[in-house]
file target-v3.txt (compact mmCIF, C-alpha atoms)
# COMPACT_ATOMS: atom_id res chain seq x y z
CA MET A 281 73.40 -101.08 61.71
CA ASP A 282 74.32 -104.47 60.32
CA SER A 283 74.41 -103.13 56.75
CA LEU A 284 77.00 -100.54 57.84
CA GLY A 285 79.12 -103.11 59.65
CA ILE A 286 78.68 -101.46 63.05
CA LEU A 287 76.50 -104.02 64.86
CA THR A 288 78.78 -105.51 67.51
CA ILE A 289 77.95 -108.22 70.05
CA LYS A 290 77.93 -105.64 72.83
CA THR A 291 75.49 -103.50 70.84
CA GLU A 292 73.15 -106.47 70.46
CA GLU A 293 73.35 -107.08 74.22
CA THR A 294 72.48 -103.41 74.84
CA LEU A 295 69.43 -103.70 72.60
CA ASP A 296 68.13 -106.51 74.82
CA LYS A 297 67.72 -103.93 77.62
CA VAL A 298 65.31 -101.69 75.68
CA ARG A 299 62.38 -102.91 77.79
CA ASN A 300 64.10 -101.36 80.84
CA GLY A 301 64.07 -97.94 79.20
CA VAL A 302 66.04 -95.85 76.70
CA ILE A 303 68.45 -92.96 77.30
CA GLU A 304 68.40 -91.13 73.98
CA SER A 305 70.67 -88.66 72.23
CA GLY A 306 70.68 -87.69 68.58
CA GLN A 307 71.90 -85.45 65.79
CA GLN A 308 71.65 -84.88 62.06
CA PRO A 309 74.51 -86.34 60.01
CA MET A 310 77.40 -83.87 60.03
CA PRO A 311 80.49 -83.50 57.81
CA LEU A 312 83.22 -86.03 58.66
CA GLY A 313 81.24 -87.25 61.66
CA GLY A 314 80.72 -83.82 63.23
CA THR A 315 82.16 -82.05 66.26
CA SER A 316 83.24 -83.48 69.60
CA LEU A 317 80.02 -82.14 71.17
CA ILE A 318 78.14 -85.00 69.48
CA PHE A 319 80.38 -87.48 71.25
CA ASN A 320 79.72 -85.61 74.51
CA LYS A 321 76.03 -86.41 74.04
CA ILE A 322 76.68 -90.08 73.36
CA ALA A 323 79.10 -90.41 76.28
CA CYS A 324 76.56 -88.76 78.58
CA SER A 325 73.76 -91.11 77.49
CA LYS A 326 76.08 -94.10 77.94
CA SER A 327 77.04 -92.99 81.45
CA ILE A 328 73.42 -92.43 82.55
CA SER A 329 72.33 -95.74 81.01
CA GLU A 330 74.56 -97.61 83.45
CA LEU A 331 72.51 -96.42 86.43
CA GLY A 332 69.97 -98.75 87.99
CA ASN A 333 70.13 -102.47 88.75
CA GLU A 334 70.09 -103.85 85.20
CA GLY A 335 70.95 -100.68 83.29
CA PHE A 336 69.18 -99.01 80.38
CA THR A 337 69.77 -98.77 76.63
CA PRO A 338 71.75 -95.76 75.37
CA LEU A 339 70.45 -94.94 71.89
CA PHE A 340 71.75 -92.51 69.26
CA PHE A 341 69.05 -91.22 66.90
CA VAL A 342 70.29 -90.32 63.41
CA ALA A 343 67.98 -87.60 62.01
CA ASP A 344 68.95 -88.33 58.40
CA TYR A 345 65.64 -86.99 57.05
CA ASP A 346 66.51 -83.36 57.79
CA GLY A 347 66.70 -81.19 54.68
CA VAL A 348 70.05 -80.30 53.09
CA HIS A 349 71.05 -76.86 54.40
CA HIS A 350 74.09 -74.80 55.42
CA GLU A 351 74.51 -76.27 58.90
CA LEU A 352 74.77 -79.83 57.58
CA LEU A 353 77.23 -78.99 54.81
CA ASN A 354 79.92 -77.01 56.63
CA MET A 355 82.37 -77.56 59.44
CA ARG A 356 85.49 -75.90 60.79
CA THR A 357 88.62 -77.58 62.09
CA PRO A 358 91.54 -76.01 64.02
CA ASN A 359 94.38 -74.32 62.19
CA PRO A 360 96.60 -71.28 62.90
CA SER A 361 94.13 -68.77 61.41
CA GLU A 362 91.55 -66.95 63.54
CA THR A 363 88.61 -68.53 61.71
CA GLY A 364 89.97 -72.08 61.41
CA LEU A 365 89.71 -74.27 58.32
CA LEU A 366 86.28 -74.25 56.62
CA LEU A 367 85.30 -77.47 54.86
CA SER A 368 82.10 -77.62 52.80
CA TYR A 369 80.41 -80.57 51.19
CA PRO A 370 79.65 -79.91 47.52
CA ALA A 371 75.84 -79.89 47.22
CA PRO A 372 74.29 -79.31 43.78
CA PRO A 373 71.12 -77.13 43.81
CA GLN A 374 68.89 -80.12 42.98
CA TYR A 375 69.60 -81.54 46.47
CA HIS A 376 68.69 -78.45 48.50
CA ASN A 377 65.72 -79.26 50.74
CA SER A 378 66.10 -82.98 49.99
CA PRO A 379 66.81 -85.26 52.98
CA ILE A 380 70.53 -85.19 53.83
CA ARG A 381 70.52 -88.98 53.37
CA ASN A 382 69.96 -88.47 49.64
CA LEU A 383 73.06 -86.32 49.14
CA PRO A 384 75.82 -88.45 47.54
CA LYS A 385 79.20 -88.45 49.24
CA PRO A 386 81.78 -86.06 47.70
CA SER A 387 84.48 -87.23 45.32
CA GLU A 388 87.51 -89.19 46.50
CA LYS A 389 89.65 -86.21 45.50
CA TRP A 390 87.64 -83.91 47.81
CA MET A 391 87.96 -86.39 50.68
CA LYS A 392 91.74 -86.79 50.33
CA GLU A 393 92.40 -83.08 49.86
CA SER A 394 90.26 -82.25 52.91
CA LEU A 395 92.17 -84.69 55.11
CA GLU A 396 95.46 -83.23 53.86
CA LYS A 397 94.27 -79.70 54.73
CA ILE A 398 93.16 -80.80 58.21
CA THR A 399 96.52 -82.47 58.88
CA ALA A 400 98.38 -79.40 57.60
CA GLY A 401 96.33 -77.23 59.96
CA TYR A 402 97.32 -79.30 62.99
CA LYS A 403 100.98 -79.22 61.89
CA GLY A 404 100.76 -75.43 61.80
CA LEU A 405 99.31 -75.35 65.32
CA MET A 406 102.16 -77.47 66.63
CA LYS A 407 105.02 -75.20 65.56
CA GLY A 408 107.34 -74.73 68.51
CA ILE A 409 106.09 -77.88 70.28
CA ASP A 410 108.60 -80.65 71.02
CA ARG A 411 109.06 -83.23 68.28
CA SER A 412 107.91 -86.27 70.31
CA THR A 413 104.55 -84.60 71.07
CA GLN A 414 104.13 -83.67 67.41
CA GLU A 415 104.78 -87.26 66.37
CA LYS A 416 102.16 -88.58 68.81
CA VAL A 417 99.54 -86.11 67.57
CA LEU A 418 100.26 -86.94 63.92
CA MET A 419 100.01 -90.67 64.68
CA ASN A 420 96.56 -90.04 66.17
CA MET A 421 95.66 -87.97 63.11
CA GLN A 422 96.72 -90.82 60.83
CA HIS A 423 94.54 -93.24 62.80
CA ALA A 424 91.56 -90.85 62.60
CA ASN A 425 92.09 -90.46 58.86
CA THR A 426 92.07 -94.24 58.46
CA ILE A 427 88.67 -94.45 60.18
CA ILE A 428 87.31 -91.67 57.96
CA LYS A 429 88.64 -93.33 54.79
CA ASN A 430 87.33 -96.76 55.73
CA ALA A 431 83.87 -95.28 56.31
CA TYR A 432 84.08 -93.37 53.01
CA TYR A 433 84.87 -96.42 50.88
CA SER A 434 82.10 -98.52 52.43
CA THR A 435 79.20 -96.04 52.12
CA SER A 436 77.48 -94.17 49.29
CA ASN A 437 75.94 -91.03 50.84
CA VAL A 438 77.04 -88.37 53.34
CA SER A 439 74.59 -89.59 56.00
CA ASP A 440 75.89 -93.16 56.11
CA TRP A 441 79.45 -91.87 55.88
CA SER A 442 78.94 -89.69 58.97
CA THR A 443 77.11 -92.45 60.86
CA LYS A 444 79.80 -95.03 60.15
CA ILE A 445 82.57 -92.67 61.32
CA GLN A 446 80.71 -92.04 64.59
CA ALA A 447 79.75 -95.67 65.19
CA SER A 448 83.25 -96.89 64.34
CA LEU A 449 84.65 -94.70 67.11
CA ILE A 450 81.89 -95.48 69.60
CA ASN A 451 81.26 -99.18 69.01
CA ILE A 452 84.38 -100.55 67.33
CA GLU A 453 87.21 -98.46 68.80
CA ALA A 454 85.68 -97.88 72.26
CA ASP A 455 83.28 -100.87 72.25
CA LEU A 456 80.59 -98.95 74.15
CA GLY A 457 77.71 -100.87 72.57
CA VAL A 458 75.51 -97.88 71.68
CA PRO A 459 72.80 -98.67 69.09
CA PHE A 460 72.44 -96.16 66.24
CA LEU A 461 68.85 -95.72 65.04
CA VAL A 462 68.98 -94.57 61.39
CA PHE A 463 65.43 -93.29 60.92
CA SER A 464 65.19 -93.32 57.11
CA GLU A 465 65.86 -97.03 56.83
CA PRO A 466 62.52 -98.34 55.44
CA SER A 467 62.15 -101.00 58.14
CA ILE A 468 62.80 -98.40 60.87
CA ARG A 469 60.44 -95.80 59.43
CA ARG A 470 57.57 -98.32 59.34
CA CYS A 471 58.09 -99.14 63.03
CA PHE A 472 56.90 -95.62 63.91
CA GLN A 473 53.72 -95.61 61.82
CA LYS A 474 51.46 -95.68 64.89
CA GLY A 475 53.22 -92.60 66.25
CA PHE A 476 52.56 -90.63 63.07
CA GLU A 477 48.92 -91.78 63.02
CA SER A 478 48.34 -90.92 66.67
CA LEU A 479 49.53 -87.34 66.20
CA ILE A 480 47.59 -86.65 62.98
CA ALA A 481 44.38 -88.16 64.46
CA GLU A 482 41.70 -85.86 65.81
CA PRO A 483 41.32 -84.53 68.41
CA ASN A 484 45.07 -85.02 69.12
CA ARG A 485 46.16 -82.85 66.19
CA SER A 486 43.97 -79.92 67.20
CA LYS A 487 44.94 -80.23 70.86
CA PHE A 488 48.63 -80.26 69.91
CA ILE A 489 48.20 -77.07 67.86
CA LYS A 490 46.25 -75.32 70.65
CA ALA A 491 48.76 -76.23 73.38
CA SER A 492 51.76 -75.33 71.20
CA ASN A 493 50.37 -71.92 70.30
CA GLU A 494 49.53 -71.17 73.94
CA ILE A 495 53.12 -71.81 75.04
CA VAL A 496 54.45 -69.71 72.14
CA SER A 497 52.30 -66.82 73.39
CA ILE A 498 53.71 -67.21 76.89
CA ILE A 499 57.28 -67.26 75.56
CA GLU A 500 56.67 -64.03 73.61
CA GLU A 501 54.97 -62.35 76.57
CA GLU A 502 58.08 -63.05 78.64
CA GLY A 503 60.19 -61.23 76.05
CA TYR A 504 61.76 -64.26 74.35
CA ARG A 505 61.75 -65.36 70.73
CA PRO A 506 60.22 -68.80 70.14
CA GLN A 507 62.28 -71.21 68.03
CA ILE A 508 59.40 -72.96 66.26
CA GLY A 509 56.60 -70.39 66.38
CA TYR A 510 52.84 -70.61 65.85
CA ARG A 511 51.22 -73.57 64.11
CA GLY A 512 48.37 -72.87 61.71
CA ARG A 513 45.02 -74.67 61.84
CA ASP A 514 46.14 -76.68 58.79
CA TYR A 515 49.31 -77.93 60.50
CA VAL A 516 50.46 -81.51 59.70
CA PRO A 517 53.03 -83.02 62.12
CA PHE A 518 55.22 -84.51 59.39
CA PHE A 519 56.77 -83.78 56.00
CA PHE A 520 56.13 -85.70 52.81
CA GLU A 521 58.96 -86.56 50.40
CA CYS A 522 58.30 -86.16 46.67
CA MET A 523 58.05 -89.50 44.84
CA ASN A 524 59.41 -88.29 41.49
CA ASN A 525 62.92 -89.50 40.67
CA GLY A 526 64.30 -86.14 39.59
CA CYS A 527 63.33 -84.49 42.88
CA ASN A 528 65.62 -86.55 45.16
CA ARG A 529 62.76 -86.92 47.67
CA ASN A 530 62.39 -83.15 47.96
CA ARG A 531 60.55 -82.36 51.21
CA VAL A 532 56.94 -81.21 50.81
CA GLU A 533 55.04 -79.34 53.53
CA LEU A 534 51.53 -80.74 53.81
CA LYS A 535 48.34 -78.92 54.80
CA TYR A 536 45.37 -80.45 56.65
CA ILE A 537 42.01 -79.85 54.99
CA LYS A 538 38.70 -80.86 56.58
CA GLU A 539 35.68 -81.32 54.27
CA ASN A 540 32.51 -82.48 56.04
CA THR A 541 33.34 -85.89 57.56
CA GLN A 542 36.44 -86.40 55.43
CA ALA A 543 39.98 -85.07 55.84
CA TYR A 544 42.78 -84.60 53.34
CA ILE A 545 46.45 -83.83 53.60
CA ARG A 546 47.74 -81.97 50.58
CA GLY A 547 50.95 -80.38 49.38
CA ILE A 548 52.83 -79.28 46.26
CA CYS A 549 56.46 -80.10 45.53
CA ASN A 550 58.25 -76.79 44.97
CA ARG A 551 60.66 -78.49 42.56
CA CYS A 552 58.49 -80.44 40.08
CA GLU A 553 55.21 -78.72 41.11
CA GLU A 554 53.37 -82.02 41.40
CA GLU A 555 50.41 -81.84 43.76
CA TYR A 556 49.83 -84.62 46.28
CA SER A 557 46.54 -85.28 48.05
CA PHE A 558 45.72 -88.13 50.43
CA ASN A 559 42.38 -88.93 52.01
CA ILE A 560 42.48 -89.95 55.70
CA ASN A 561 39.95 -90.88 58.35
CA PRO A 562 40.09 -87.92 60.82
CA SER A 563 39.82 -90.04 63.97
CA LYS A 564 41.45 -93.28 62.74
CA PRO A 565 43.98 -92.40 60.05
CA ASP A 566 45.85 -95.15 58.20
CA LEU A 567 49.18 -93.96 56.74
CA SER A 568 50.26 -97.35 55.35
CA ASP A 569 50.31 -96.08 51.75
CA ILE A 570 52.69 -93.18 52.49
CA ILE A 571 54.68 -94.32 55.53
CA ASP A 572 57.82 -94.81 53.40
CA TRP A 573 57.56 -91.19 52.26
CA ILE A 574 56.98 -89.21 55.48
CA SER A 575 59.36 -87.93 58.14
CA PRO A 576 58.95 -86.11 61.50
CA ARG A 577 59.13 -82.38 62.12
CA VAL A 578 61.34 -80.94 64.83
CA ASP A 579 58.35 -80.56 67.18
CA SER A 580 56.82 -84.00 66.53
CA ARG A 581 59.88 -86.28 66.46
CA GLN A 582 60.10 -87.00 70.19
CA ILE A 583 56.40 -87.80 70.52
CA ILE A 584 56.52 -90.11 67.49
CA VAL A 585 59.58 -91.93 68.84
CA ASP A 586 58.04 -92.22 72.32
CA SER A 587 55.06 -94.00 70.80
CA VAL A 588 57.30 -97.01 70.17
CA LEU A 589 60.33 -96.75 72.45
CA PRO A 590 60.25 -96.28 76.25
CA VAL A 591 62.48 -93.18 76.25
CA LEU A 592 63.18 -92.16 79.83
CA ALA A 593 65.55 -89.27 79.14
CA HIS A 594 66.77 -87.28 76.15
CA ILE A 595 70.29 -85.82 76.22
CA GLY A 596 70.43 -82.51 74.37
CA GLY A 597 72.18 -79.18 73.99
CA PRO A 598 71.22 -75.48 74.01
CA GLY A 599 69.39 -75.57 70.66
CA GLU A 600 67.27 -78.54 71.66
CA THR A 601 66.46 -76.87 74.98
CA SER A 602 64.55 -74.11 73.21
CA TYR A 603 62.65 -76.57 70.99
CA TYR A 604 61.68 -78.78 73.92
CA ALA A 605 60.41 -75.75 75.86
CA GLU A 606 57.65 -75.54 73.23
CA VAL A 607 57.05 -79.28 72.82
CA ILE A 608 56.87 -80.52 76.43
CA PRO A 609 53.70 -78.55 77.39
CA SER A 610 51.98 -79.87 74.24
CA ALA A 611 52.80 -83.47 75.15
CA GLU A 612 51.53 -82.90 78.70
CA TYR A 613 48.29 -81.44 77.32
CA LEU A 614 47.77 -84.63 75.30
CA GLY A 615 48.53 -86.77 78.35
CA ILE A 616 51.55 -88.33 76.60
CA PRO A 617 54.44 -89.43 78.84
CA PHE A 618 57.49 -87.35 77.93
CA PRO A 619 61.15 -88.08 78.71
CA ILE A 620 63.23 -86.03 81.09
CA PHE A 621 65.34 -83.51 79.17
CA LEU A 622 68.96 -83.41 80.34
CA ARG A 623 71.66 -81.03 79.14
CA TYR A 624 74.75 -83.01 78.24
CA THR A 625 77.99 -82.41 80.11
CA ARG A 626 80.74 -80.87 78.05
CA THR A 627 84.16 -82.50 78.03
CA PHE A 628 87.07 -80.10 78.35
CA TYR A 629 90.54 -81.29 77.48
CA ASN A 630 93.92 -79.72 77.00
CA THR A 631 95.96 -79.78 73.78
CA PRO A 632 99.68 -79.37 73.05
CA TRP A 633 99.03 -76.10 71.18
CA ASN A 634 96.97 -74.72 74.09
CA ASN A 635 99.86 -75.53 76.41
CA HIS A 636 102.32 -73.84 74.07
CA GLY A 637 100.13 -70.73 73.77
CA ALA A 638 99.68 -70.60 77.55
CA LYS A 639 103.44 -70.62 78.08
CA GLU A 640 103.80 -67.67 75.72
CA LEU A 641 101.15 -65.78 77.70
CA GLU A 642 102.86 -66.63 80.98
CA ILE A 643 106.12 -65.15 79.66
CA LEU A 644 104.17 -61.93 79.12
CA ASP A 645 102.84 -62.25 82.69
CA LEU A 646 99.27 -62.72 81.45
CA PRO A 647 96.78 -65.04 83.22
CA THR A 648 95.77 -68.35 81.64
CA LEU A 649 93.16 -71.00 82.42
CA THR A 650 95.26 -73.94 81.23
CA GLU A 651 97.28 -74.32 84.39
CA LYS A 652 98.24 -77.67 85.89
CA ARG A 653 96.19 -77.06 89.02
CA LEU A 654 92.95 -76.93 87.00
CA PHE A 655 93.56 -80.31 85.40
CA ASN A 656 94.86 -81.71 88.70
CA SER A 657 91.61 -80.56 90.33
CA ILE A 658 89.57 -82.24 87.61
CA SER A 659 91.57 -85.45 88.10
CA LEU A 660 90.84 -85.23 91.83
CA TRP A 661 87.11 -84.94 91.05
CA VAL A 662 87.24 -88.03 88.82
CA GLU A 663 89.02 -89.92 91.59
CA GLY A 664 86.38 -88.88 94.12
CA ARG A 665 83.52 -89.83 91.81
CA ASN A 666 85.00 -93.24 91.03
CA ASN A 667 85.49 -93.94 94.73
CA GLN A 668 82.13 -92.38 95.67
CA ASP A 669 84.00 -90.18 98.14
CA SER A 670 81.85 -87.09 98.80
CA ASP A 671 84.61 -85.31 100.76
CA THR A 672 87.07 -85.62 97.88
CA ILE A 673 84.41 -84.45 95.39
CA ARG A 674 83.67 -81.41 97.59
CA GLU A 675 87.38 -80.61 97.86
CA ALA A 676 87.77 -80.96 94.08
CA HIS A 677 84.85 -78.59 93.44
CA GLN A 678 86.49 -75.95 95.64
CA LYS A 679 89.83 -76.33 93.87
CA ILE A 680 88.23 -76.20 90.41
CA HIS A 681 86.39 -73.03 91.43
CA GLN A 682 89.65 -71.45 92.63
CA ALA A 683 91.53 -72.55 89.51
CA VAL A 684 88.92 -70.89 87.29
CA MET A 685 88.27 -67.74 89.32
CA LYS A 686 91.89 -66.73 89.92
CA PRO A 687 92.86 -66.27 86.24
CA TYR A 688 89.43 -64.75 85.58
CA GLY A 689 89.96 -62.23 88.38
CA ASN A 690 93.44 -61.40 87.12
CA THR A 691 92.08 -60.91 83.59
CA VAL A 692 89.37 -58.51 84.82
CA LYS A 693 91.92 -56.70 86.97
CA GLY A 694 94.24 -56.40 83.98
CA LYS A 695 91.47 -54.92 81.81
CA LYS A 696 90.61 -52.33 84.47
CA THR A 697 94.27 -51.35 84.77
CA SER A 698 94.52 -50.99 80.98
CA ARG A 699 91.45 -48.73 80.91
CA LYS A 700 92.89 -46.49 83.65
CA GLN A 701 96.19 -46.22 81.83
CA GLY A 702 94.32 -45.40 78.63
CA ARG A 703 92.42 -42.56 80.34
CA ARG A 704 95.68 -41.12 81.75
CA ASN A 705 97.24 -41.16 78.31

call {"tool": "encode", "arguments": {"input": "target-v3.txt", "output": "structure tokens"}}
result
Amino acid sequence: MDSLGILTIKTEETLDKVRNGVIESGQQPMPLGGTSLIFNKIACSKSISELGNEGFTPLFFVADYDGVHHELLNMRTPNPSETGLLLSYPAPPQYHNSPIRNLPKPSEKWMKESLEKITAGYKGLMKGIDRSTQEKVLMNMQHANTIIKNAYYSTSNVSDWSTKIQASLINIEADLGVPFLVFSEPSIRRCFQKGFESLIAEPNRSKFIKASNEIVSIIEEEGYRPQIGYRGRDYVPFFFECMNNGCNRNRVELKYIKENTQAYIRGICNRCEEEYSFNINPSKPDLSDIIDWISPRVDSRQIIVDSVLPVLAHIGGPGETSYYAEVIPSAEYLGIPFPIFLRYTRTFYNTPWNNHGAKELEILDLPTLTEKRLFNSISLWVEGRNNQDSDTIREAHQKIHQAVMKPYGNTVKGKKTSRKQGRRN
């Protein structure tokens, strides 16, 4: 964090509370810092961390080892079109399947043109909105662009660029004091060596495979599609990154091979075709020689992190929910303490263009959700929560329910009326 210029005094103070427990959230690095849902996660972990007598440490885990793929290269921002504005990082073929941290940041021209397109999109959304509101929004846009540019000029790859944008907002602008754990930093990666070794050691590895496959079978029997799927007998709970310079640390899937009393983990880089083979003690593996070149899998990350940090709760979204459904039973089978999984709360907020669109719908006598009474009800709930007034919170819940259900009911009623009219015609 210090190397990125995002280690504030408040962040250092938060780190001192790690022994009390960690409330974790995390994400892969996303274009231009990612969507607001990421900040929902962080805000949720910060809020929960303030519970208890001394408080806990909110921690944001940066999964910068994930391979370069479509999801990490593209994002959409609002503009007047139905599909929004699509922005895509340029990623040469030689970086596909390399850790996202290895992808260089795009050119300055790409960065400036992208910010101009985003600003133009918001200007298009604000047509018909009063000038003073437009000026306020554009001032906020200019401030956001300054944060993005500052992060761009002080980093060299897309991962650090994304992390610095996020941390600048969280720890410099808002001063929340949330530590960012960037996993691929060599000093950080080495901290988790014992976690990697514990999971590859027998009989833990075999037990993990058995428990994981059993839960996958149950998921399929219930008619659902598992997100991770079955693990083979040669499963290794981490990836290896190719050591050859031209491969940009291309990720290599390893296989576990048992020969008499010895064990090997082997894999072939699909880019340079170099074969790697490492001898390990089955029951007491020592990964010191390769610790700088391995990274967790989606199903092993939490267990590896828990081996070092006292994570009490993990804040996640819908995608993580499905992964954790397969991982939690495996951890329980191994007798490993596992954090509580909490779905983050989404933050809903109004915008000037939503207001403008709602007014146009109201003129047509069509129902809308963005009415004042909804936001007044939400404000009442915040007031009740801050004052710990259960009666006010209960009243707010009733008003929020009414504010949502009335336009919903009118919309359904309108659709039924339209269908009847269609049949008559």

call {"tool": "atom_distance", "arguments": {"input": "target-v3.txt", "atom1": "atom CA of A:Glu600", "atom2": "atom CA of A:Val342"}}
result
14.7 Å

call {"tool": "closest_residue", "arguments": {"input": "target-v3.txt", "among": "A:Gln507, A:Gln582, A:Leu589, A:Pro358", "to": "A:Cys471", "atoms": "all atoms listed in the file"}}
result
A:Leu589

call {"tool": "residues_around", "arguments": {"input": "target-v3.txt", "residues": "A:Glu477", "least_positions_apart": "6", "cutoff": "12 Å", "atoms": "only C-alpha atoms", "output": "PDB file with C-alpha atoms, in the frame of the given file"}}
result
ATOM      1  CA  ARG A 470      57.570 -98.320  59.340  1.00  0.00           C
ATOM      2  CA  CYS A 471      58.090 -99.140  63.030  1.00  0.00           C
ATOM      3  CA  PRO A 483      41.320 -84.530  68.410  1.00  0.00           C
ATOM      4  CA  ASN A 484      45.070 -85.020  69.120  1.00  0.00           C
ATOM      5  CA  ARG A 485      46.160 -82.850  66.190  1.00  0.00           C
ATOM      6  CA  VAL A 516      50.460 -81.510  59.700  1.00  0.00           C
ATOM      7  CA  PRO A 517      53.030 -83.020  62.120  1.00  0.00           C
ATOM      8  CA  PHE A 518      55.220 -84.510  59.390  1.00  0.00           C
ATOM      9  CA  ILE A 560      42.480 -89.950  55.700  1.00  0.00           C
ATOM     10  CA  ASN A 561      39.950 -90.880  58.350  1.00  0.00           C
ATOM     11  CA  PRO A 562      40.090 -87.920  60.820  1.00  0.00           C
ATOM     12  CA  SER A 563      39.820 -90.040  63.970  1.00  0.00           C
ATOM     13  CA  LYS A 564      41.450 -93.280  62.740  1.00  0.00           C
ATOM     14  CA  PRO A 565      43.980 -92.400  60.050  1.00  0.00           C
ATOM     15  CA  ASP A 566      45.850 -95.150  58.200  1.00  0.00           C
ATOM     16  CA  LEU A 567      49.180 -93.960  56.740  1.00  0.00           C
ATOM     17  CA  SER A 568      50.260 -97.350  55.350  1.00  0.00           C
ATOM     18  CA  ILE A 570      52.690 -93.180  52.490  1.00  0.00           C
ATOM     19  CA  ILE A 571      54.680 -94.320  55.530  1.00  0.00           C
ATOM     20  CA  ILE A 574      56.980 -89.210  55.480  1.00  0.00           C
ATOM     21  CA  PRO A 576      58.950 -86.110  61.500  1.00  0.00           C
ATOM     22  CA  SER A 580      56.820 -84.000  66.530  1.00  0.00           C
ATOM     23  CA  ILE A 583      56.400 -87.800  70.520  1.00  0.00           C
ATOM     24  CA  ILE A 584      56.520 -90.110  67.490  1.00  0.00           C
ATOM     25  CA  SER A 587      55.060 -94.000  70.800  1.00  0.00           C
TER      26      SER A 587
END

call {"tool": "atom_distance", "arguments": {"input": "target-v3.txt", "atom1": "atom CA of A:Asp671", "atom2": "atom CA of A:Tyr624"}}
result
24.7 Å

call {"tool": "residues_around", "arguments": {"input": "target-v3.txt", "residues": "A:Lys407", "least_positions_apart": "5", "cutoff": "10 Å", "atoms": "only C-alpha atoms", "output": "PyMOL selection string"}}
result
chain A and resi 360+402+414+633+636

call {"tool": "residues_around", "arguments": {"input": "target-v3.txt", "residues": "A:Leu367", "least_positions_apart": "6", "cutoff": "7 Å", "atoms": "all atoms listed in the file", "output": "number ranges by chain"}}
result
A: 354-356

call {"tool": "closest_residue", "arguments": {"input": "target-v3.txt", "among": "A:Thr291, A:Ser378, A:Asp410, A:Lys392", "to": "A:Pro632", "atoms": "all atoms listed in the file"}}
result
A:Asp410

call {"tool": "residues_around", "arguments": {"input": "target-v3.txt", "residues": "A:Ile398", "least_positions_apart": "6", "cutoff": "8 Å", "atoms": "only C-alpha atoms", "output": "JSON, numbers by chain"}}
result
{"A": [357, 358, 359, 365]}

call {"tool": "atom_distance", "arguments": {"input": "target-v3.txt", "atom1": "atom CA of A:Phe558", "atom2": "atom CA of A:Ala543"}}
result
8.5 Å

call {"tool": "residues_near_point", "arguments": {"input": "target-v3.txt", "point": "(64.8, -87.0, 57.3)", "cutoff": "12 Å", "atoms": "only C-alpha atoms", "output": "ChimeraX atom specification"}}
result
/A:307-309,341-348,377-383,439,462-466,469,518-521,529-532,572-578,581

call {"tool": "write_last_selection", "arguments": {"input": "target-v3.txt", "atoms": "C-alpha atoms", "output": "mmCIF file, in the coordinates of the input"}}
result
data_model
loop_
_atom_site.group_PDB
_atom_site.id
_atom_site.type_symbol
_atom_site.label_atom_id
_atom_site.label_comp_id
_atom_site.auth_asym_id
_atom_site.auth_seq_id
_atom_site.Cartn_x
_atom_site.Cartn_y
_atom_site.Cartn_z
ATOM 1 C CA GLN A 307 71.900 -85.450 65.790
ATOM 2 C CA GLN A 308 71.650 -84.880 62.060
ATOM 3 C CA PRO A 309 74.510 -86.340 60.010
ATOM 4 C CA PHE A 341 69.050 -91.220 66.900
ATOM 5 C CA VAL A 342 70.290 -90.320 63.410
ATOM 6 C CA ALA A 343 67.980 -87.600 62.010
ATOM 7 C CA ASP A 344 68.950 -88.330 58.400
ATOM 8 C CA TYR A 345 65.640 -86.990 57.050
ATOM 9 C CA ASP A 346 66.510 -83.360 57.790
ATOM 10 C CA GLY A 347 66.700 -81.190 54.680
ATOM 11 C CA VAL A 348 70.050 -80.300 53.090
ATOM 12 C CA ASN A 377 65.720 -79.260 50.740
ATOM 13 C CA SER A 378 66.100 -82.980 49.990
ATOM 14 C CA PRO A 379 66.810 -85.260 52.980
ATOM 15 C CA ILE A 380 70.530 -85.190 53.830
ATOM 16 C CA ARG A 381 70.520 -88.980 53.370
ATOM 17 C CA ASN A 382 69.960 -88.470 49.640
ATOM 18 C CA LEU A 383 73.060 -86.320 49.140
ATOM 19 C CA SER A 439 74.590 -89.590 56.000
ATOM 20 C CA VAL A 462 68.980 -94.570 61.390
ATOM 21 C CA PHE A 463 65.430 -93.290 60.920
ATOM 22 C CA SER A 464 65.190 -93.320 57.110
ATOM 23 C CA GLU A 465 65.860 -97.030 56.830
ATOM 24 C CA PRO A 466 62.520 -98.340 55.440
ATOM 25 C CA ARG A 469 60.440 -95.800 59.430
ATOM 26 C CA PHE A 518 55.220 -84.510 59.390
ATOM 27 C CA PHE A 519 56.770 -83.780 56.000
ATOM 28 C CA PHE A 520 56.130 -85.700 52.810
ATOM 29 C CA GLU A 521 58.960 -86.560 50.400
ATOM 30 C CA ARG A 529 62.760 -86.920 47.670
ATOM 31 C CA ASN A 530 62.390 -83.150 47.960
ATOM 32 C CA ARG A 531 60.550 -82.360 51.210
ATOM 33 C CA VAL A 532 56.940 -81.210 50.810
ATOM 34 C CA ASP A 572 57.820 -94.810 53.400
ATOM 35 C CA TRP A 573 57.560 -91.190 52.260
ATOM 36 C CA ILE A 574 56.980 -89.210 55.480
ATOM 37 C CA SER A 575 59.360 -87.930 58.140
ATOM 38 C CA PRO A 576 58.950 -86.110 61.500
ATOM 39 C CA ARG A 577 59.130 -82.380 62.120
ATOM 40 C CA VAL A 578 61.340 -80.940 64.830
ATOM 41 C CA ARG A 581 59.880 -86.280 66.460
#

call {"tool": "closest_residue", "arguments": {"input": "target-v3.txt", "among": "A:Ser602, A:Thr625, A:Ser670, A:Ser327", "to": "A:Ile499", "atoms": "all atoms listed in the file"}}
result
A:Ser602
